[in-house]
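Source file: upload.pdb; contents: PDB, C-alpha atoms.
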ATOM      1  CA  MET A  15       3.432  47.165 163.356
ATOM      2  CA  THR A  16       3.948  44.992 166.389
ATOM      3  CA  LEU A  17       7.393  44.006 167.561
ATOM      4  CA  ASP A  18       6.867  40.403 166.505
ATOM      5  CA  ALA A  19       5.686  41.315 162.989
ATOM      6  CA  PRO A  20       8.245  40.632 160.260
ATOM      7  CA  LEU A  21       9.874  43.666 158.686
ATOM      8  CA  ALA A  22       9.174  44.524 155.082
ATOM      9  CA  ARG A  23      12.120  44.435 152.697
ATOM     10  CA  PHE A  24      11.376  48.063 151.777
ATOM     11  CA  GLU A  25       8.597  50.583 152.251
ATOM     12  CA  ILE A  26       5.629  49.867 150.010
ATOM     13  CA  THR A  27       1.970  49.137 150.586
ATOM     14  CA  GLY A  28      -0.092  46.178 149.476
ATOM     15  CA  ALA A  29      -2.186  48.560 147.363
ATOM     16  CA  GLU A  30       0.957  49.795 145.572
ATOM     17  CA  ILE A  31       2.001  46.207 144.890
ATOM     18  CA  ASP A  32      -1.455  45.428 143.497
ATOM     19  CA  ARG A  33      -1.294  48.494 141.221
ATOM     20  CA  VAL A  34       2.172  47.615 139.862
ATOM     21  CA  VAL A  35       1.081  44.042 139.151
ATOM     22  CA  THR A  36      -2.033  45.244 137.304
ATOM     23  CA  VAL A  37      -0.058  47.758 135.210
ATOM     24  CA  PHE A  38       2.642  45.195 134.491
ATOM     25  CA  TYR A  39       0.259  42.494 133.268
ATOM     26  CA  GLY A  40      -1.489  45.049 131.069
ATOM     27  CA  ALA A  41       1.907  45.578 129.421
ATOM     28  CA  VAL A  42       2.533  41.810 129.261
ATOM     29  CA  ARG A  43      -0.739  41.263 127.379
ATOM     30  CA  ARG A  44       0.385  43.822 124.770
ATOM     31  CA  HIS A  45       3.951  42.480 124.462
ATOM     32  CA  GLU A  46       4.605  40.774 121.116
ATOM     33  CA  VAL A  47       6.610  37.884 122.607
ATOM     34  CA  LEU A  48       5.357  37.519 126.173
ATOM     35  CA  GLY A  49       1.697  38.233 125.445
ATOM     36  CA  PRO A  50       1.039  35.012 123.506
ATOM     37  CA  VAL A  51       2.926  32.888 126.073
ATOM     38  CA  PHE A  52       0.785  34.205 128.911
ATOM     39  CA  ALA A  53      -2.426  34.173 126.857
ATOM     40  CA  ALA A  54      -1.971  30.456 126.225
ATOM     41  CA  HIS A  55      -2.119  29.775 129.971
ATOM     42  CA  VAL A  56      -3.929  32.601 131.744
ATOM     43  CA  THR A  57      -7.687  32.503 131.302
ATOM     44  CA  ASP A  58      -8.662  34.662 134.289
ATOM     45  CA  TRP A  59      -6.422  37.742 134.401
ATOM     46  CA  PRO A  60      -7.827  39.210 137.653
ATOM     47  CA  GLU A  61      -7.258  35.858 139.388
ATOM     48  CA  HIS A  62      -3.710  35.608 137.986
ATOM     49  CA  GLU A  63      -2.895  39.172 139.005
ATOM     50  CA  ALA A  64      -4.240  38.557 142.528
ATOM     51  CA  LYS A  65      -2.073  35.450 142.854
ATOM     52  CA  ILE A  66       1.048  37.253 141.630
ATOM     53  CA  ALA A  67       0.329  40.260 143.862
ATOM     54  CA  ALA A  68       0.095  37.815 146.784
ATOM     55  CA  PHE A  69       3.472  36.380 145.717
ATOM     56  CA  TRP A  70       5.037  39.863 145.806
ATOM     57  CA  ARG A  71       3.332  40.807 149.105
ATOM     58  CA  ASN A  72       4.783  37.605 150.532
ATOM     59  CA  ALA A  73       8.265  38.336 149.118
ATOM     60  CA  ILE A  74       8.320  42.033 150.054
ATOM     61  CA  LEU A  75       5.963  42.505 153.000
ATOM     62  CA  ARG A  76       6.345  38.944 154.286
ATOM     63  CA  GLU A  77       2.576  38.595 154.557
ATOM     64  CA  ARG A  78       2.485  34.830 154.027
ATOM     65  CA  SER A  79      -0.321  35.460 151.569
ATOM     66  CA  TYR A  80       0.939  33.262 148.730
ATOM     67  CA  SER A  81       0.864  29.526 148.348
ATOM     68  CA  GLY A  82       2.129  27.853 145.255
ATOM     69  CA  ASN A  83       5.206  26.539 143.517
ATOM     70  CA  PRO A  84       6.273  29.125 140.941
ATOM     71  CA  MET A  85       9.422  27.203 139.986
ATOM     72  CA  ARG A  86       7.377  24.161 139.012
ATOM     73  CA  VAL A  87       4.998  26.347 136.975
ATOM     74  CA  HIS A  88       7.877  27.935 135.066
ATOM     75  CA  VAL A  89       9.690  24.642 134.458
ATOM     76  CA  THR A  90       6.612  22.696 133.347
ATOM     77  CA  THR A  91       5.233  25.415 131.066
ATOM     78  CA  ARG A  92       7.130  24.469 127.911
ATOM     79  CA  GLU A  93       6.325  27.732 126.126
ATOM     80  CA  ILE A  94       8.450  29.573 128.686
ATOM     81  CA  GLU A  95      11.982  29.783 127.328
ATOM     82  CA  PRO A  96      15.071  30.953 129.243
ATOM     83  CA  GLU A  97      15.333  34.054 127.035
ATOM     84  CA  HIS A  98      11.832  35.157 128.087
ATOM     85  CA  PHE A  99      13.112  36.095 131.538
ATOM     86  CA  ALA A 100      15.223  38.991 130.211
ATOM     87  CA  LEU A 101      12.175  40.313 128.358
ATOM     88  CA  TRP A 102      10.004  39.885 131.447
ATOM     89  CA  LEU A 103      12.528  41.688 133.641
ATOM     90  CA  ALA A 104      13.006  44.565 131.197
ATOM     91  CA  LEU A 105       9.248  45.081 131.057
ATOM     92  CA  PHE A 106       8.980  44.796 134.834
ATOM     93  CA  HIS A 107      11.760  47.348 135.388
ATOM     94  CA  ALA A 108      10.058  49.749 132.952
ATOM     95  CA  THR A 109       6.781  49.328 134.843
ATOM     96  CA  LEU A 110       8.498  49.961 138.174
ATOM     97  CA  ALA A 111      10.192  53.102 136.811
ATOM     98  CA  ARG A 112       6.790  54.510 135.837
ATOM     99  CA  SER A 113       4.829  53.299 138.848
ATOM    100  CA  VAL A 114       6.790  53.707 142.086
ATOM    101  CA  SER A 115       9.504  55.873 143.615
ATOM    102  CA  PRO A 116      13.094  55.417 142.430
ATOM    103  CA  GLU A 117      13.993  53.847 145.794
ATOM    104  CA  GLN A 118      11.129  51.359 145.555
ATOM    105  CA  ALA A 119      11.942  50.613 141.915
ATOM    106  CA  GLN A 120      15.587  49.915 142.759
ATOM    107  CA  ALA A 121      14.796  47.633 145.696
ATOM    108  CA  TRP A 122      11.939  45.771 144.013
ATOM    109  CA  GLY A 123      13.860  45.534 140.753
ATOM    110  CA  ALA A 124      16.859  43.986 142.509
ATOM    111  CA  LEU A 125      14.582  41.429 144.160
ATOM    112  CA  ALA A 126      12.897  40.683 140.815
ATOM    113  CA  ASP A 127      16.311  40.224 139.182
ATOM    114  CA  ARG A 128      17.321  37.633 141.784
ATOM    115  CA  ILE A 129      14.028  35.770 141.545
ATOM    116  CA  GLY A 130      13.958  35.938 137.747
ATOM    117  CA  GLU A 131      17.505  34.608 137.476
ATOM    118  CA  GLY A 132      16.582  31.772 139.812
ATOM    119  CA  PHE A 133      13.599  30.844 137.642
ATOM    120  CA  ARG A 134      15.669  31.127 134.446
ATOM    121  CA  ALA A 135      18.409  28.926 135.888
ATOM    122  CA  GLY A 136      15.800  26.438 137.082
ATOM    123  CA  VAL A 137      14.224  26.238 133.648
ATOM    124  CA  VAL A 138      17.619  25.625 132.053
ATOM    125  CA  SER A 139      18.843  23.024 134.543
ATOM    126  CA  MET A 140      15.614  21.126 135.144
ATOM    127  CA  ARG A 141      14.848  20.714 131.460
ATOM    128  CA  GLN A 142      18.244  19.230 130.574
ATOM    129  CA  PRO A 143      18.257  15.598 129.568
ATOM    130  CA  LYS A 144      19.738  13.584 132.422
ATOM    131  CA  ASP A 145      22.465  12.117 130.211
ATOM    132  CA  ALA A 146      23.464  15.407 128.513
ATOM    133  CA  PRO A 147      26.381  17.586 129.565
ATOM    134  CA  PRO A 148      25.253  20.618 131.621
ATOM    135  CA  ARG A 149      24.049  23.677 129.685
ATOM    136  CA  LEU A 150      25.627  26.648 131.428
ATOM    137  CA  PHE A 151      23.847  29.560 129.745
TER     138      PHE A 151
END
Give the structure from the file, written as structure tokens.
Amino acid sequence: MTLDAPLARFEITGAEIDRVVTVFYGAVRRHEVLGPVFAAHVTDWPEHEAKIAAFWRNAILRERSYSGNPMRVHVTTREIEPEHFALWLALFHATLARSVSPEQAQAWGALADRIGEGFRAGVVSMRQPKDAPPRLF
């Protein structure tokens, strides 16, 4: 790593990120609630997994390998409900526990919790009718 290269949030390789994403989306496809939501929108799983792995490499390794607007995707996909984020995170934490070291799982899980809560809050707030009182949960 050169001195001007950005520092990773924690020690993990791109290959490890790719593997976690692949294992996780295998579990998502089998999940009774999340599976149908994803199946309605993902037609090319390898392409989706590559895009999400790029998102995580960007977030963790700071590779600048991802371009997209995940908040817009989550807000505009009406099948995604705020309660899905807790299910997603529980499944993601279980995948991390089985797939990486405890230190990596803790650090990546904490990052996923922050991102997931941001998406959940965005879905709640951006879908509120403009003339309705704020929904705070």
Would you list the contacts of range 53-55 of chain A as a ChimeraX atom specification, taking every protein, DNA or RNA residue within 10 Å and counting all atoms listed in the file, but skipping same-chain residues closer than 2 positions in sequence?
/A:42-43,48-51,57-59,91,93
Could you expand the PyMOL selection byres ((chain A and resi 82) around 12) into the explicit residues it covers here, written as a PDB file with C-alpha atoms, keeping the file's coordinate frame?
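Contents of selection-v8.pdb, as written:
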ATOM      1  CA  LYS A  65      -2.073  35.450 142.854  1.00  0.00           C
ATOM      2  CA  ILE A  66       1.048  37.253 141.630  1.00  0.00           C
ATOM      3  CA  ALA A  68       0.095  37.815 146.784  1.00  0.00           C
ATOM      4  CA  PHE A  69       3.472  36.380 145.717  1.00  0.00           C
ATOM      5  CA  ASN A  72       4.783  37.605 150.532  1.00  0.00           C
ATOM      6  CA  ARG A  78       2.485  34.830 154.027  1.00  0.00           C
ATOM      7  CA  SER A  79      -0.321  35.460 151.569  1.00  0.00           C
ATOM      8  CA  TYR A  80       0.939  33.262 148.730  1.00  0.00           C
ATOM      9  CA  SER A  81       0.864  29.526 148.348  1.00  0.00           C
ATOM     10  CA  ASN A  83       5.206  26.539 143.517  1.00  0.00           C
ATOM     11  CA  PRO A  84       6.273  29.125 140.941  1.00  0.00           C
ATOM     12  CA  MET A  85       9.422  27.203 139.986  1.00  0.00           C
ATOM     13  CA  ARG A  86       7.377  24.161 139.012  1.00  0.00           C
ATOM     14  CA  VAL A  87       4.998  26.347 136.975  1.00  0.00           C
ATOM     15  CA  HIS A  88       7.877  27.935 135.066  1.00  0.00           C
TER      16      HIS A  88
END
task: Please provide as a PyMOL selection string all residues within 12 Å of Ile31 in chain A, with the sequence filter that same-chain residues fewer than 2 positions apart are discarded (counting only C-alpha atoms).
output: chain A and resi 24-29+33-38+63-75+109-110+113-114+118-119+122
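CA of Glu131 in chain A is positioned 22.3 Å from CA of Val56 in chain A.
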Task: Long-range neighbours of range 98-103 of chain A as number ranges by chain, 7 Å cut-off, only C-alpha atoms, 2 positions minimum in chain - done: A: 94-96, 105-107, 127, 130, 134
Please measure the separation of CA of Thr90 in chain A and CA of His62 in chain A, giving the value in Å to one decimal.
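Pair CA of Thr90 in chain A / CA of His62 in chain A returns 17.2 Å.
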Using all atoms listed in the file, the shortest atom-to-atom distance to Ala124 in chain A among A:Val89, A:Ala41, A:Ala104, A:Leu21 belongs to A:Ala104
